[in-house]
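All remarks here apply to the structure that follows.
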Amino acid sequence: MTTGNTNATVPVIPAPSVDEQIKAIELQERVLALELKKAELEAKLLEKQEREYHIKDLKARLADRDIQEKQIQEDRAQQGRTFAQQDATDAYRYRICTHKKGGIVTPRDMRVLTTGGNNIQYAVMKHQMINGDIWVRCLRCGNTWAPPVEINFFFDKAGKRVAPQDGTFDRAKFEQARDQYLRATMFETNNSMSGSVQCRFSTFDVESGKMVDAADKYREGLASTTLR
Ligand SMILES: [Zn+2]
């Protein structure tokens, strides 16, 4: 190497031609476009995934609700079956019961406790309700006789008891129940009658502008009650 020599040449990189510059810019643009496309694609993929999760979640919730609804329906059906069974059992017990005292109970045969005896005296309890009505309950089979209420005597075409607006009133059945009730109030018994504080029920009638007796309203309120 020589010193003091100022003629040393520095290698010169030739300036890129215009063509080359254009090519470089085009290349950069293409890379940028590709990157943008890639980012766009990723965003779309994420969106798709999000939608899929959302649908999955929705399906799971719908399935849960479906199961819940089926469970509720099943519970209702089961309840209906139990009530129907209970009604049938009750009806049978009332039918075979004499509602009377007496009879012999042995450890081998305790049927008389539920079928009633043959005494003149009835095994019933009479209870005077708050409005003065007398309700009678058999202490053997549990049947309760109360003044029949008309709203309980509406039936559909199949003979099933329904709400008044869904059926027709069966006067014969109503009168039969009333006769049975009147007979029950006359059952001879030496059991003493229990009672409530006595009240009279009245209500304001808009049409006549007068207070009217509301005993029927009170009875309708108790239409599905027994002394059990
Ligand atoms: Zn009875």
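Chain labels run A, B, ... following the order of the structure tokens; each chain numbers its residues from 1, and ligands are numbered from 1 in the order shown.
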### Message
What does the list of residues within 7 Å of ligand 1 look like if you count only C-alpha atoms and all ligand atoms, written as a PyMOL selection string?
### Response
chain A and resi 94+97-99+115-116+138-143
Just to be explicit: take each residue in the selection above, keep C-alpha atoms, and write the result as a short mmCIF file (atom, residue, chain, number, x, y, z; two decimals), in the first residue's frame.
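result_3.cif, freshly written:
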data_model
loop_
_atom_site.label_atom_id
_atom_site.label_comp_id
_atom_site.auth_asym_id
_atom_site.auth_seq_id
_atom_site.Cartn_x
_atom_site.Cartn_y
_atom_site.Cartn_z
CA TYR A 94 -115.69 -43.11 48.89
CA CYS A 97 -117.30 -46.65 52.46
CA THR A 98 -120.53 -46.75 54.49
CA HIS A 99 -119.38 -43.56 56.30
CA THR A 115 -114.82 -49.01 54.58
CA GLY A 116 -116.94 -47.93 57.55
CA CYS A 138 -116.27 -38.77 56.67
CA LEU A 139 -113.63 -39.69 59.24
CA ARG A 140 -113.19 -43.08 57.61
CA CYS A 141 -112.75 -42.43 53.88
CA GLY A 142 -112.13 -38.69 53.96
CA ASN A 143 -114.92 -37.73 51.57
#
Apply DSSP to the structure's backbone, then extract all residues of region 36-221 of chain A labelled helix (DSSP H, G or I) and return them as a PDB file with C-alpha atoms, in the first residue's frame.
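Written out: states35.pdb:
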ATOM      1  CA  LEU A  36     -52.398  -6.422   2.766  1.00  0.00           C
ATOM      2  CA  LYS A  37     -54.118  -9.444   1.215  1.00  0.00           C
ATOM      3  CA  LYS A  38     -52.647 -11.645   3.915  1.00  0.00           C
ATOM      4  CA  ALA A  39     -53.878  -9.360   6.696  1.00  0.00           C
ATOM      5  CA  GLU A  40     -57.311  -9.203   5.085  1.00  0.00           C
ATOM      6  CA  LEU A  41     -57.469 -12.971   4.905  1.00  0.00           C
ATOM      7  CA  GLU A  42     -56.499 -13.323   8.554  1.00  0.00           C
ATOM      8  CA  ALA A  43     -59.194 -10.880   9.593  1.00  0.00           C
ATOM      9  CA  LYS A  44     -61.743 -12.814   7.572  1.00  0.00           C
ATOM     10  CA  LEU A  45     -60.645 -16.085   9.133  1.00  0.00           C
ATOM     11  CA  LEU A  46     -61.028 -14.585  12.622  1.00  0.00           C
ATOM     12  CA  GLU A  47     -64.488 -13.302  11.739  1.00  0.00           C
ATOM     13  CA  LYS A  48     -65.462 -16.724  10.492  1.00  0.00           C
ATOM     14  CA  GLN A  49     -64.174 -18.338  13.660  1.00  0.00           C
ATOM     15  CA  GLU A  50     -66.064 -15.871  15.794  1.00  0.00           C
ATOM     16  CA  ARG A  51     -69.276 -16.589  13.908  1.00  0.00           C
ATOM     17  CA  GLU A  52     -68.722 -20.311  14.351  1.00  0.00           C
ATOM     18  CA  TYR A  53     -68.234 -19.935  18.100  1.00  0.00           C
ATOM     19  CA  HIS A  54     -71.343 -17.779  18.285  1.00  0.00           C
ATOM     20  CA  ILE A  55     -73.414 -20.382  16.414  1.00  0.00           C
ATOM     21  CA  LYS A  56     -72.042 -23.157  18.603  1.00  0.00           C
ATOM     22  CA  ASP A  57     -72.956 -21.177  21.715  1.00  0.00           C
ATOM     23  CA  LEU A  58     -76.431 -20.445  20.349  1.00  0.00           C
ATOM     24  CA  LYS A  59     -76.986 -24.110  19.512  1.00  0.00           C
ATOM     25  CA  ALA A  60     -75.914 -25.148  22.999  1.00  0.00           C
ATOM     26  CA  ARG A  61     -78.297 -22.656  24.579  1.00  0.00           C
ATOM     27  CA  LEU A  62     -81.153 -23.783  22.325  1.00  0.00           C
ATOM     28  CA  ALA A  63     -80.472 -27.404  23.193  1.00  0.00           C
ATOM     29  CA  ASP A  64     -80.503 -26.532  26.905  1.00  0.00           C
ATOM     30  CA  ARG A  65     -83.827 -24.780  26.527  1.00  0.00           C
ATOM     31  CA  ASP A  66     -85.206 -27.699  24.556  1.00  0.00           C
ATOM     32  CA  ILE A  67     -84.212 -30.099  27.312  1.00  0.00           C
ATOM     33  CA  GLN A  68     -85.717 -27.810  29.936  1.00  0.00           C
ATOM     34  CA  GLU A  69     -89.000 -27.553  28.037  1.00  0.00           C
ATOM     35  CA  LYS A  70     -89.177 -31.312  27.567  1.00  0.00           C
ATOM     36  CA  GLN A  71     -88.518 -31.741  31.296  1.00  0.00           C
ATOM     37  CA  ILE A  72     -91.319 -29.318  32.185  1.00  0.00           C
ATOM     38  CA  GLN A  73     -93.741 -31.116  29.854  1.00  0.00           C
ATOM     39  CA  GLU A  74     -92.748 -34.471  31.331  1.00  0.00           C
ATOM     40  CA  ASP A  75     -93.206 -33.127  34.886  1.00  0.00           C
ATOM     41  CA  ARG A  76     -96.667 -31.810  33.999  1.00  0.00           C
ATOM     42  CA  ALA A  77     -97.717 -35.095  32.418  1.00  0.00           C
ATOM     43  CA  GLN A  78     -96.450 -36.987  35.479  1.00  0.00           C
ATOM     44  CA  GLN A  79     -98.341 -34.615  37.774  1.00  0.00           C
ATOM     45  CA  GLY A  80    -101.495 -35.126  35.715  1.00  0.00           C
ATOM     46  CA  ARG A  81    -101.121 -38.892  35.956  1.00  0.00           C
ATOM     47  CA  THR A  82    -100.596 -38.683  39.734  1.00  0.00           C
ATOM     48  CA  PHE A  83    -103.660 -36.472  40.236  1.00  0.00           C
ATOM     49  CA  ALA A  84    -105.820 -38.719  38.036  1.00  0.00           C
ATOM     50  CA  GLN A  85    -104.614 -41.756  39.968  1.00  0.00           C
ATOM     51  CA  GLN A  86    -105.318 -40.043  43.299  1.00  0.00           C
ATOM     52  CA  ASP A  87    -108.809 -39.050  42.116  1.00  0.00           C
ATOM     53  CA  ALA A  88    -109.572 -42.604  41.005  1.00  0.00           C
ATOM     54  CA  THR A  89    -108.314 -44.051  44.319  1.00  0.00           C
ATOM     55  CA  ASP A  90    -110.358 -41.497  46.286  1.00  0.00           C
ATOM     56  CA  ALA A  91    -113.504 -42.184  44.245  1.00  0.00           C
ATOM     57  CA  TYR A  92    -113.120 -45.910  44.911  1.00  0.00           C
ATOM     58  CA  ARG A  93    -112.625 -45.372  48.646  1.00  0.00           C
ATOM     59  CA  TYR A  94    -115.690 -43.106  48.888  1.00  0.00           C
ATOM     60  CA  ARG A  95    -117.793 -45.652  46.989  1.00  0.00           C
ATOM     61  CA  ILE A  96    -116.978 -48.626  49.212  1.00  0.00           C
ATOM     62  CA  VAL A 112    -113.539 -51.450  58.515  1.00  0.00           C
ATOM     63  CA  LEU A 113    -111.345 -48.458  59.321  1.00  0.00           C
ATOM     64  CA  THR A 114    -111.586 -47.354  55.714  1.00  0.00           C
ATOM     65  CA  THR A 115    -114.821 -49.007  54.579  1.00  0.00           C
ATOM     66  CA  GLU A 150    -122.089 -24.484  39.717  1.00  0.00           C
ATOM     67  CA  ILE A 151    -118.642 -23.703  38.277  1.00  0.00           C
ATOM     68  CA  ASN A 152    -117.608 -27.278  39.150  1.00  0.00           C
ATOM     69  CA  PRO A 164    -117.194 -22.895  32.519  1.00  0.00           C
ATOM     70  CA  GLN A 165    -116.124 -21.149  29.299  1.00  0.00           C
ATOM     71  CA  ASP A 166    -114.991 -24.484  27.786  1.00  0.00           C
ATOM     72  CA  ARG A 171    -127.797 -29.685  35.735  1.00  0.00           C
ATOM     73  CA  ALA A 172    -128.543 -33.356  36.501  1.00  0.00           C
ATOM     74  CA  LYS A 173    -125.089 -33.923  37.985  1.00  0.00           C
ATOM     75  CA  PHE A 174    -125.309 -30.672  39.928  1.00  0.00           C
ATOM     76  CA  GLU A 175    -128.682 -31.608  41.425  1.00  0.00           C
ATOM     77  CA  GLN A 176    -127.450 -35.078  42.268  1.00  0.00           C
ATOM     78  CA  ALA A 177    -124.496 -33.593  44.130  1.00  0.00           C
ATOM     79  CA  ARG A 178    -126.810 -31.181  45.938  1.00  0.00           C
ATOM     80  CA  ASP A 179    -129.081 -34.066  47.036  1.00  0.00           C
ATOM     81  CA  GLN A 180    -126.086 -36.050  48.249  1.00  0.00           C
ATOM     82  CA  TYR A 181    -124.879 -33.012  50.145  1.00  0.00           C
ATOM     83  CA  LEU A 182    -128.274 -32.404  51.777  1.00  0.00           C
ATOM     84  CA  ARG A 183    -128.433 -36.060  52.794  1.00  0.00           C
ATOM     85  CA  ALA A 184    -124.943 -35.846  54.292  1.00  0.00           C
ATOM     86  CA  THR A 185    -125.881 -32.815  56.393  1.00  0.00           C
ATOM     87  CA  ALA A 215    -122.318 -16.387  49.620  1.00  0.00           C
ATOM     88  CA  ASP A 216    -121.913 -17.852  46.130  1.00  0.00           C
ATOM     89  CA  LYS A 217    -118.707 -15.856  45.581  1.00  0.00           C
ATOM     90  CA  TYR A 218    -117.372 -17.258  48.844  1.00  0.00           C
ATOM     91  CA  ARG A 219    -118.351 -20.798  47.807  1.00  0.00           C
ATOM     92  CA  GLU A 220    -116.736 -20.383  44.393  1.00  0.00           C
ATOM     93  CA  GLY A 221    -113.553 -19.365  46.157  1.00  0.00           C
TER      94      GLY A 221
END
### Query
Which residue out of A:Gly209, A:Gly103, A:Gly159, A:Pro16 has the minimum interatomic distance to Asn118 (chain A) when only C-alpha atoms are used?
A:Gly103
### Task
Could you please write out, as a list in words, every residue of region 19-176 of chain A that DSSP assigns to strand (DSSP E or B)?
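Output for region 19-176 of chain A, strand (DSSP E or B) only: Lys100, Tyr122, Val124, Met125, Lys126, His127, Gln128, Ile134, Trp135, Val136, Arg137, Cys138, Thr144, Trp145, Phe154, Phe155, Arg161, Thr168 and Phe169 of chain A.
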For the selection just defined, write its residues with C-alpha atoms to a file, as a PDB file, in the first residue's frame.
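Okay, this is what ended up in selection_2.pdb:
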ATOM      1  CA  LYS A 100    -120.709 -45.200  59.498  1.00  0.00           C
ATOM      2  CA  TYR A 122    -122.278 -41.864  61.087  1.00  0.00           C
ATOM      3  CA  VAL A 124    -118.641 -37.929  60.184  1.00  0.00           C
ATOM      4  CA  MET A 125    -117.506 -34.578  61.390  1.00  0.00           C
ATOM      5  CA  LYS A 126    -119.670 -31.565  60.624  1.00  0.00           C
ATOM      6  CA  HIS A 127    -118.051 -28.193  60.373  1.00  0.00           C
ATOM      7  CA  GLN A 128    -119.796 -24.888  60.075  1.00  0.00           C
ATOM      8  CA  ILE A 134    -122.177 -26.843  56.909  1.00  0.00           C
ATOM      9  CA  TRP A 135    -119.499 -29.114  55.475  1.00  0.00           C
ATOM     10  CA  VAL A 136    -119.497 -32.811  56.311  1.00  0.00           C
ATOM     11  CA  ARG A 137    -116.427 -35.010  56.259  1.00  0.00           C
ATOM     12  CA  CYS A 138    -116.271 -38.766  56.672  1.00  0.00           C
ATOM     13  CA  THR A 144    -116.130 -34.159  52.054  1.00  0.00           C
ATOM     14  CA  TRP A 145    -119.649 -33.030  51.224  1.00  0.00           C
ATOM     15  CA  PHE A 154    -119.188 -27.839  33.440  1.00  0.00           C
ATOM     16  CA  PHE A 155    -118.122 -30.681  31.153  1.00  0.00           C
ATOM     17  CA  ARG A 161    -114.705 -31.530  33.866  1.00  0.00           C
ATOM     18  CA  THR A 168    -121.719 -26.959  29.176  1.00  0.00           C
ATOM     19  CA  PHE A 169    -123.434 -27.018  32.552  1.00  0.00           C
TER      20      PHE A 169
END
### Summary
Closest of A:Thr226, A:Ala163, A:Lys101, A:Val31 to Asn191 (chain A), counting only C-alpha atoms, is A:Lys101
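Here CA of Ser224 (chain A) is placed at a distance of 16.6 Å from CA of Ile130 (chain A).
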### Message
What's the separation between CA of Phe201 (chain A) and CA of Leu227 (chain A), in Å to one decimal place?
### Response
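Pair CA of Phe201 (chain A) / CA of Leu227 (chain A) returns 20.7 Å.
You can rank A:Val18, A:Ala146, A:Ile13, A:Ile104 by their closest distance to Leu222 (chain A) using only C-alpha atoms, and at the top of that list sits A:Ala146.
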